[in-house]
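Engineer: As input, take start_20.cif (mmCIF, C-alpha atoms):
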data_run
loop_
_atom_site.group_PDB
_atom_site.id
_atom_site.type_symbol
_atom_site.label_atom_id
_atom_site.label_comp_id
_atom_site.auth_asym_id
_atom_site.auth_seq_id
_atom_site.Cartn_x
_atom_site.Cartn_y
_atom_site.Cartn_z
ATOM 1 C CA MET M 1 -24.367 129.227 42.079
ATOM 2 C CA THR M 2 -25.549 131.144 45.079
ATOM 3 C CA ASP M 3 -23.654 131.295 48.280
ATOM 4 C CA ARG M 4 -25.813 129.912 51.100
ATOM 5 C CA PRO M 5 -24.976 131.237 54.559
ATOM 6 C CA PHE M 6 -25.974 128.049 56.388
ATOM 7 C CA MET M 7 -23.577 126.015 54.304
ATOM 8 C CA LYS M 8 -20.613 127.826 55.732
ATOM 9 C CA SER M 9 -19.108 125.794 58.519
ATOM 10 C CA ARG M 10 -17.687 127.620 61.411
ATOM 11 C CA GLY M 11 -15.757 126.089 64.335
ATOM 12 C CA PHE M 12 -15.837 126.850 68.028
ATOM 13 C CA THR M 13 -13.711 129.633 69.358
ATOM 14 C CA LEU M 14 -11.113 129.057 72.026
ATOM 15 C CA VAL M 15 -13.179 131.132 74.463
ATOM 16 C CA GLU M 16 -16.297 128.979 73.920
ATOM 17 C CA LEU M 17 -14.310 125.771 74.438
ATOM 18 C CA SER M 18 -12.705 127.188 77.582
ATOM 19 C CA VAL M 19 -16.116 128.123 79.057
ATOM 20 C CA VAL M 20 -17.543 124.652 78.364
ATOM 21 C CA LEU M 21 -14.505 122.943 79.936
ATOM 22 C CA LEU M 22 -14.686 125.243 82.969
ATOM 23 C CA VAL M 23 -18.390 124.494 83.529
ATOM 24 C CA ALA M 24 -17.799 120.734 83.095
ATOM 25 C CA SER M 25 -14.913 120.732 85.566
ATOM 26 C CA ILE M 26 -16.984 122.639 88.165
ATOM 27 C CA ILE M 27 -19.813 120.115 87.812
ATOM 28 C CA MET M 28 -17.385 117.193 88.174
ATOM 29 C CA ALA M 29 -15.753 118.780 91.222
ATOM 30 C CA LEU M 30 -19.130 119.174 92.937
ATOM 31 C CA THR M 31 -20.591 115.757 92.051
ATOM 32 C CA GLY M 32 -17.403 113.656 92.155
ATOM 33 C CA PRO M 33 -17.312 113.064 95.939
ATOM 34 C CA ALA M 34 -20.976 112.051 95.979
ATOM 35 C CA ILE M 35 -20.384 109.543 93.193
ATOM 36 C CA ILE M 36 -17.320 108.091 94.931
ATOM 37 C CA LYS M 37 -19.251 107.819 98.224
ATOM 38 C CA ASN M 38 -22.024 105.882 96.467
ATOM 39 C CA PHE M 39 -19.488 103.458 94.998
ATOM 40 C CA GLY M 40 -18.082 102.839 98.487
ATOM 41 C CA ILE M 41 -21.438 101.876 99.957
ATOM 42 C CA LEU M 42 -22.378 99.847 96.882
ATOM 43 C CA SER M 43 -20.464 96.711 97.956
ATOM 44 C CA LEU M 44 -22.086 96.833 101.410
ATOM 45 C CA LYS M 45 -25.547 97.254 99.925
ATOM 46 C CA THR M 46 -24.888 94.420 97.468
ATOM 47 C CA ALA M 47 -23.693 92.142 100.290
ATOM 48 C CA ALA M 48 -26.814 92.936 102.325
ATOM 49 C CA LYS M 49 -29.063 92.180 99.363
ATOM 50 C CA LYS M 50 -27.146 88.971 98.657
ATOM 51 C CA THR M 51 -27.550 87.908 102.301
ATOM 52 C CA GLY M 52 -31.254 88.687 102.150
ATOM 53 C CA GLY M 53 -31.487 86.780 98.885
ATOM 54 C CA ALA M 54 -29.825 83.698 100.402
ATOM 55 C CA LEU M 55 -32.281 83.797 103.297
ATOM 56 C CA ARG M 56 -35.284 84.254 100.991
ATOM 57 C CA TYR M 57 -34.026 81.419 98.794
ATOM 58 C CA SER M 58 -33.761 79.145 101.841
ATOM 59 C CA ARG M 59 -37.306 79.955 102.917
ATOM 60 C CA SER M 60 -38.637 79.423 99.389
ATOM 61 C CA GLN M 61 -36.846 76.093 99.019
ATOM 62 C CA ALA M 62 -37.999 74.909 102.461
ATOM 63 C CA VAL M 63 -41.618 75.584 101.524
ATOM 64 C CA SER M 64 -41.398 74.107 98.015
ATOM 65 C CA THR M 65 -39.402 70.958 98.891
ATOM 66 C CA GLY M 66 -41.026 70.251 102.247
ATOM 67 C CA THR M 67 -37.643 69.968 103.986
ATOM 68 C CA ALA M 68 -35.942 72.349 106.377
ATOM 69 C CA TYR M 69 -33.063 74.551 105.225
ATOM 70 C CA ASN M 70 -30.204 75.753 107.428
ATOM 71 C CA VAL M 71 -28.427 79.042 106.849
ATOM 72 C CA VAL M 72 -25.032 79.157 108.568
ATOM 73 C CA PHE M 73 -23.129 82.422 109.045
ATOM 74 C CA ASP M 74 -19.381 81.954 109.492
ATOM 75 C CA THR M 75 -18.053 85.163 111.024
ATOM 76 C CA LYS M 76 -14.431 84.038 110.865
ATOM 77 C CA ASN M 77 -14.422 83.310 107.111
ATOM 78 C CA SER M 78 -17.171 85.821 106.186
ATOM 79 C CA THR M 79 -19.294 83.218 104.419
ATOM 80 C CA ILE M 80 -22.962 82.257 104.278
ATOM 81 C CA THR M 81 -23.813 78.595 103.695
ATOM 82 C CA VAL M 82 -27.281 77.387 102.715
ATOM 83 C CA ALA M 83 -27.832 73.658 103.285
ATOM 84 C CA GLN M 84 -30.851 71.449 102.883
ATOM 85 C CA VAL M 85 -31.690 69.295 105.911
ATOM 86 C CA LEU M 86 -32.481 65.788 104.730
ATOM 87 C CA PRO M 87 -34.611 63.363 106.740
ATOM 88 C CA PRO M 88 -32.649 61.107 109.104
ATOM 89 C CA ARG M 89 -30.947 58.118 107.533
ATOM 90 C CA VAL M 90 -32.680 54.795 107.937
ATOM 91 C CA ILE M 91 -30.591 51.730 108.692
ATOM 92 C CA ASN M 92 -31.291 48.718 106.473
ATOM 93 C CA ALA M 93 -33.904 47.252 108.773
ATOM 94 C CA GLU M 94 -36.588 46.636 106.173
ATOM 95 C CA PRO M 95 -36.269 45.228 102.685
ATOM 96 C CA GLY M 96 -36.634 47.830 99.977
ATOM 97 C CA ILE M 97 -35.054 50.620 102.004
ATOM 98 C CA ARG M 98 -31.763 51.629 100.560
ATOM 99 C CA ASP M 99 -28.885 53.020 102.602
ATOM 100 C CA SER M 100 -26.168 54.224 100.279
ATOM 101 C CA GLY M 101 -23.745 54.855 103.127
ATOM 102 C CA ASP M 102 -23.338 58.432 101.891
ATOM 103 C CA PRO M 103 -24.340 60.923 104.617
ATOM 104 C CA GLU M 104 -25.058 63.529 101.922
ATOM 105 C CA GLN M 105 -27.839 61.385 100.424
ATOM 106 C CA GLU M 106 -31.274 60.746 101.815
ATOM 107 C CA PRO M 107 -32.713 57.246 102.355
ATOM 108 C CA ASP M 108 -35.343 56.233 99.843
ATOM 109 C CA SER M 109 -37.938 53.526 100.243
ATOM 110 C CA ASP M 110 -38.506 53.373 96.480
ATOM 111 C CA PRO M 111 -35.501 51.572 94.952
ATOM 112 C CA SER M 112 -36.469 52.690 91.437
ATOM 113 C CA ARG M 113 -35.989 56.359 92.382
ATOM 114 C CA PRO M 114 -32.368 57.523 92.767
ATOM 115 C CA ALA M 115 -31.326 58.988 96.100
ATOM 116 C CA ARG M 116 -31.394 62.789 96.202
ATOM 117 C CA LYS M 117 -28.209 64.757 96.933
ATOM 118 C CA ARG M 118 -28.343 67.369 99.662
ATOM 119 C CA GLU M 119 -28.221 70.906 98.301
ATOM 120 C CA ILE M 120 -25.424 73.094 99.675
ATOM 121 C CA LYS M 121 -24.570 76.618 98.473
ATOM 122 C CA THR M 122 -21.922 78.956 99.871
ATOM 123 C CA TYR M 123 -21.682 82.718 99.413
ATOM 124 C CA SER M 124 -18.707 84.874 100.417
ATOM 125 C CA LEU M 125 -18.979 88.466 101.553
ATOM 126 C CA PRO M 126 -17.010 90.964 99.425
ATOM 127 C CA ASP M 127 -13.699 92.332 100.688
ATOM 128 C CA GLY M 128 -14.186 95.064 103.257
ATOM 129 C CA VAL M 129 -17.629 93.835 104.363
ATOM 130 C CA ARG M 130 -17.995 91.905 107.620
ATOM 131 C CA PHE M 131 -20.630 90.593 109.999
ATOM 132 C CA ALA M 132 -20.831 93.329 112.650
ATOM 133 C CA GLN M 133 -23.431 91.500 114.742
ATOM 134 C CA ILE M 134 -25.584 88.389 114.492
ATOM 135 C CA ILE M 135 -28.434 87.692 116.886
ATOM 136 C CA ILE M 136 -30.196 84.341 116.487
ATOM 137 C CA ALA M 137 -32.317 82.633 119.158
ATOM 138 C CA GLY M 138 -31.058 84.981 121.856
ATOM 139 C CA ILE M 139 -27.390 84.358 121.062
ATOM 140 C CA ASP M 140 -25.512 87.563 120.269
ATOM 141 C CA SER M 141 -22.248 87.310 118.325
ATOM 142 C CA THR M 142 -20.862 90.413 120.062
ATOM 143 C CA ASP M 143 -20.921 88.517 123.381
ATOM 144 C CA GLN M 144 -18.579 85.863 121.954
ATOM 145 C CA ASN M 145 -14.799 86.273 122.055
ATOM 146 C CA ASP M 146 -13.842 85.083 118.589
ATOM 147 C CA GLY M 147 -15.397 84.276 115.244
ATOM 148 C CA GLY M 148 -17.969 81.561 115.241
ATOM 149 C CA LEU M 149 -20.806 79.858 113.433
ATOM 150 C CA TYR M 150 -24.393 81.060 113.786
ATOM 151 C CA GLN M 151 -27.309 79.170 112.286
ATOM 152 C CA THR M 152 -30.924 79.889 111.529
ATOM 153 C CA VAL M 153 -33.403 77.362 110.139
ATOM 154 C CA PHE M 154 -36.322 77.736 107.742
ATOM 155 C CA PHE M 155 -39.093 75.179 108.204
ATOM 156 C CA PRO M 156 -41.373 73.689 105.517
ATOM 157 C CA GLY M 157 -44.297 75.763 106.824
ATOM 158 C CA GLY M 158 -42.431 78.997 106.018
ATOM 159 C CA GLY M 159 -41.475 79.908 109.598
ATOM 160 C CA SER M 160 -37.933 80.151 110.915
ATOM 161 C CA ARG M 161 -35.809 80.553 114.034
ATOM 162 C CA GLY M 162 -35.654 84.230 113.139
ATOM 163 C CA GLY M 163 -32.667 86.459 113.610
ATOM 164 C CA GLU M 164 -30.924 89.688 112.843
ATOM 165 C CA ILE M 165 -27.728 90.048 110.845
ATOM 166 C CA ILE M 166 -25.906 93.379 110.721
ATOM 167 C CA LEU M 167 -23.306 93.868 107.994
ATOM 168 C CA ALA M 168 -20.731 96.680 108.108
ATOM 169 C CA ASP M 169 -17.929 98.047 105.952
ATOM 170 C CA GLU M 170 -14.624 99.731 106.832
ATOM 171 C CA LYS M 171 -16.306 103.080 107.456
ATOM 172 C CA ASP M 172 -18.822 101.433 109.824
ATOM 173 C CA ARG M 173 -21.766 102.017 107.518
ATOM 174 C CA MET M 174 -24.265 99.275 108.311
ATOM 175 C CA TYR M 175 -27.142 97.310 106.825
ATOM 176 C CA ARG M 176 -29.564 95.219 108.861
ATOM 177 C CA VAL M 177 -31.089 91.964 107.586
ATOM 178 C CA THR M 178 -34.004 90.833 109.747
ATOM 179 C CA VAL M 179 -35.772 87.453 109.621
ATOM 180 C CA ASN M 180 -39.227 87.251 111.197
ATOM 181 C CA ARG M 181 -39.475 84.196 113.434
ATOM 182 C CA ILE M 182 -43.141 83.438 112.747
ATOM 183 C CA THR M 183 -43.500 84.222 109.042
ATOM 184 C CA GLY M 184 -39.908 83.797 107.868
ATOM 185 C CA VAL M 185 -40.135 87.098 105.975
ATOM 186 C CA VAL M 186 -36.742 88.707 105.299
ATOM 187 C CA ILE M 187 -36.297 92.499 105.432
ATOM 188 C CA VAL M 188 -33.133 94.302 104.281
ATOM 189 C CA ALA M 189 -32.693 97.932 105.335
ATOM 190 C CA GLU M 190 -29.973 100.436 106.097
ATOM 191 C CA LYS M 191 -29.282 100.373 109.831
ATOM 192 C CA ASP M 192 -30.373 103.435 111.766
ATOM 193 C CA GLU M 193 -27.929 104.961 114.199
ATOM 194 C CA ASP M 194 -28.810 103.772 117.692
#
Please lay out the structure from this file as structure tokens.

Structural biologist:
Amino acid sequence: MTDRPFMKSRGFTLVELSVVLLVASIIMALTGPAIIKNFGILSLKTAAKKTGGALRYSRSQAVSTGTAYNVVFDTKNSTITVAQVLPPRVINAEPGIRDSGDPEQEPDSDPSRPARKREIKTYSLPDGVRFAQIIIAGIDSTDQNDGGLYQTVFFPGGGSRGGEIILADEKDRMYRVTVNRITGVVIVAEKDED
């Protein structure tokens, strides 16, 4: 049997292992802060995208269902509520019109069709993310003394009341969510320093 040189297994030397560990630790030391910084801004970016998504959802639902949708921003509790606006209730003045007595249900002139429940969804901002400023219909949240409720509406034609929502984290990094008043288009972008 011949001795084949490539069959001999040889391990790594202590010097080779030390060099590899040294290079790896230098790379980690240089890239670690950048990675940690990106994790810090990740929750803010996610909250901004979630806010934009709730607004886009409201616009989409308003167009597809033919009913208006309200989006309410609660600055005190850091929540976003999306609620369908049902047509006004009709009092039992005509036969065949049903009034269930439930304010969350719409009136229906067709008794064979069940009354539709109003759609309501609530989203909470992650810890450390807050509404820095909300401007809707000329009302600026920074002019108010305490937390409040701010509402924008999406209409069945796709338009809205418009608005601008600025989200911030503990390090005052900010994202801006803008709603176009005429088209209802929602844009999410990192806020430029003013």

Engineer: Expanded to explicit residues, what is the PyMOL selection byres ((chain M and resi 174) around 12) for this file, as an MDAnalysis selection string?

Structural biologist: chainID M and resid 41:48 129:133 165:173 175:177 188:194

Engineer: I would like the residues chosen by the PyMOL selection byres ((chain M and resi 183) around 10) on the shown file; could you give them as JSON, numbers by chain?

Structural biologist: {"M": [59, 154, 157, 158, 159, 160, 161, 162, 179, 180, 181, 182, 184, 185, 186]}

Engineer: Can you pull out the residues contacting Pro156 of chain M? Cut-off 8 Å, using all atoms listed in the file, and skip same-chain residues under 5 positions away; I want them as a list in words.

Structural biologist: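 Counting only the stated atoms, we get Arg59, Ala62, Val63, Ser64, Thr65, Gly66, Thr67 and Ala68 of chain M.
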
Engineer: Would you list the contacts of Ile120 of chain M as a VMD selection string, taking every protein, DNA or RNA residue within 9 Å and counting all atoms listed in the file, but skipping same-chain residues closer than 2 positions in sequence?

Structural biologist: chain M and resid 81 to 84 118 122

Engineer: Quote the spacing between atom CA of Ile187 of chain M and atom CA of Lys76 of chain M in Å to one decimal place.

Structural biologist: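 Here the two named atoms are 24.1 Å from each other.
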
Engineer: Report, in Å with one decimal, the straight-line distance from atom CA of Thr178 of chain M to atom CA of Pro87 of chain M.

Structural biologist: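 For atom CA of Thr178 of chain M relative to atom CA of Pro87 of chain M, the distance reads 27.6 Å.
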
Engineer: Any idea what the distance is between atom CA of Lys49 of chain M and atom CA of Gly32 of chain M?

Structural biologist: 25.5 Å

Engineer: How about completing segment 43-68 of chain M with N, CA and C atoms and giving it to me as a PDB file, in the coordinates of the input?

Structural biologist:
ATOM      1  N   SER M  43     -20.808  98.097  97.617  1.00  0.00           N
ATOM      2  CA  SER M  43     -20.464  96.711  97.956  1.00  0.00           C
ATOM      3  C   SER M  43     -21.170  96.271  99.233  1.00  0.00           C
ATOM      4  N   LEU M  44     -21.353  97.168 100.189  1.00  0.00           N
ATOM      5  CA  LEU M  44     -22.086  96.833 101.410  1.00  0.00           C
ATOM      6  C   LEU M  44     -23.549  96.570 101.097  1.00  0.00           C
ATOM      7  N   LYS M  45     -24.141  97.416 100.295  1.00  0.00           N
ATOM      8  CA  LYS M  45     -25.547  97.254  99.925  1.00  0.00           C
ATOM      9  C   LYS M  45     -25.746  95.955  99.139  1.00  0.00           C
ATOM     10  N   THR M  46     -24.818  95.657  98.243  1.00  0.00           N
ATOM     11  CA  THR M  46     -24.888  94.420  97.468  1.00  0.00           C
ATOM     12  C   THR M  46     -24.770  93.204  98.380  1.00  0.00           C
ATOM     13  N   ALA M  47     -23.855  93.255  99.349  1.00  0.00           N
ATOM     14  CA  ALA M  47     -23.693  92.142 100.290  1.00  0.00           C
ATOM     15  C   ALA M  47     -24.950  91.943 101.125  1.00  0.00           C
ATOM     16  N   ALA M  48     -25.579  93.036 101.544  1.00  0.00           N
ATOM     17  CA  ALA M  48     -26.814  92.936 102.325  1.00  0.00           C
ATOM     18  C   ALA M  48     -27.933  92.323 101.490  1.00  0.00           C
ATOM     19  N   LYS M  49     -28.038  92.742 100.236  1.00  0.00           N
ATOM     20  CA  LYS M  49     -29.063  92.180  99.363  1.00  0.00           C
ATOM     21  C   LYS M  49     -28.783  90.713  99.058  1.00  0.00           C
ATOM     22  N   LYS M  50     -27.517  90.361  98.910  1.00  0.00           N
ATOM     23  CA  LYS M  50     -27.146  88.971  98.657  1.00  0.00           C
ATOM     24  C   LYS M  50     -27.464  88.098  99.882  1.00  0.00           C
ATOM     25  N   THR M  51     -27.217  88.627 101.073  1.00  0.00           N
ATOM     26  CA  THR M  51     -27.550  87.908 102.301  1.00  0.00           C
ATOM     27  C   THR M  51     -29.059  87.720 102.406  1.00  0.00           C
ATOM     28  N   GLY M  52     -29.796  88.791 102.152  1.00  0.00           N
ATOM     29  CA  GLY M  52     -31.254  88.687 102.150  1.00  0.00           C
ATOM     30  C   GLY M  52     -31.755  87.702 101.102  1.00  0.00           C
ATOM     31  N   GLY M  53     -31.112  87.714  99.947  1.00  0.00           N
ATOM     32  CA  GLY M  53     -31.487  86.780  98.885  1.00  0.00           C
ATOM     33  C   GLY M  53     -31.237  85.328  99.274  1.00  0.00           C
ATOM     34  N   ALA M  54     -30.120  85.068  99.948  1.00  0.00           N
ATOM     35  CA  ALA M  54     -29.825  83.698 100.402  1.00  0.00           C
ATOM     36  C   ALA M  54     -30.861  83.240 101.420  1.00  0.00           C
ATOM     37  N   LEU M  55     -31.266  84.140 102.301  1.00  0.00           N
ATOM     38  CA  LEU M  55     -32.281  83.797 103.297  1.00  0.00           C
ATOM     39  C   LEU M  55     -33.643  83.568 102.640  1.00  0.00           C
ATOM     40  N   ARG M  56     -34.008  84.425 101.701  1.00  0.00           N
ATOM     41  CA  ARG M  56     -35.284  84.254 100.991  1.00  0.00           C
ATOM     42  C   ARG M  56     -35.289  82.962 100.180  1.00  0.00           C
ATOM     43  N   TYR M  57     -34.155  82.660  99.549  1.00  0.00           N
ATOM     44  CA  TYR M  57     -34.026  81.419  98.794  1.00  0.00           C
ATOM     45  C   TYR M  57     -34.243  80.216  99.707  1.00  0.00           C
ATOM     46  N   SER M  58     -33.628  80.252 100.891  1.00  0.00           N
ATOM     47  CA  SER M  58     -33.761  79.145 101.841  1.00  0.00           C
ATOM     48  C   SER M  58     -35.212  78.955 102.247  1.00  0.00           C
ATOM     49  N   ARG M  59     -35.896  80.046 102.531  1.00  0.00           N
ATOM     50  CA  ARG M  59     -37.306  79.955 102.917  1.00  0.00           C
ATOM     51  C   ARG M  59     -38.136  79.381 101.773  1.00  0.00           C
ATOM     52  N   SER M  60     -37.898  79.892 100.567  1.00  0.00           N
ATOM     53  CA  SER M  60     -38.637  79.423  99.389  1.00  0.00           C
ATOM     54  C   SER M  60     -38.418  77.931  99.151  1.00  0.00           C
ATOM     55  N   GLN M  61     -37.164  77.502  99.234  1.00  0.00           N
ATOM     56  CA  GLN M  61     -36.846  76.093  99.019  1.00  0.00           C
ATOM     57  C   GLN M  61     -37.437  75.203 100.119  1.00  0.00           C
ATOM     58  N   ALA M  62     -37.424  75.686 101.351  1.00  0.00           N
ATOM     59  CA  ALA M  62     -37.999  74.909 102.461  1.00  0.00           C
ATOM     60  C   ALA M  62     -39.484  74.679 102.227  1.00  0.00           C
ATOM     61  N   VAL M  63     -40.182  75.713 101.777  1.00  0.00           N
ATOM     62  CA  VAL M  63     -41.618  75.584 101.524  1.00  0.00           C
ATOM     63  C   VAL M  63     -41.883  74.682 100.323  1.00  0.00           C
ATOM     64  N   SER M  64     -41.123  74.867  99.241  1.00  0.00           N
ATOM     65  CA  SER M  64     -41.398  74.107  98.015  1.00  0.00           C
ATOM     66  C   SER M  64     -40.952  72.647  98.086  1.00  0.00           C
ATOM     67  N   THR M  65     -39.874  72.347  98.820  1.00  0.00           N
ATOM     68  CA  THR M  65     -39.402  70.958  98.891  1.00  0.00           C
ATOM     69  C   THR M  65     -39.962  70.198 100.077  1.00  0.00           C
ATOM     70  N   GLY M  66     -40.490  70.924 101.065  1.00  0.00           N
ATOM     71  CA  GLY M  66     -41.026  70.251 102.247  1.00  0.00           C
ATOM     72  C   GLY M  66     -39.944  69.788 103.210  1.00  0.00           C
ATOM     73  N   THR M  67     -38.731  70.303 103.060  1.00  0.00           N
ATOM     74  CA  THR M  67     -37.643  69.968 103.986  1.00  0.00           C
ATOM     75  C   THR M  67     -37.080  71.259 104.566  1.00  0.00           C
ATOM     76  N   ALA M  68     -36.525  71.168 105.742  1.00  0.00           N
ATOM     77  CA  ALA M  68     -35.942  72.349 106.377  1.00  0.00           C
ATOM     78  C   ALA M  68     -34.646  72.744 105.674  1.00  0.00           C
TER      79      ALA M  68
END
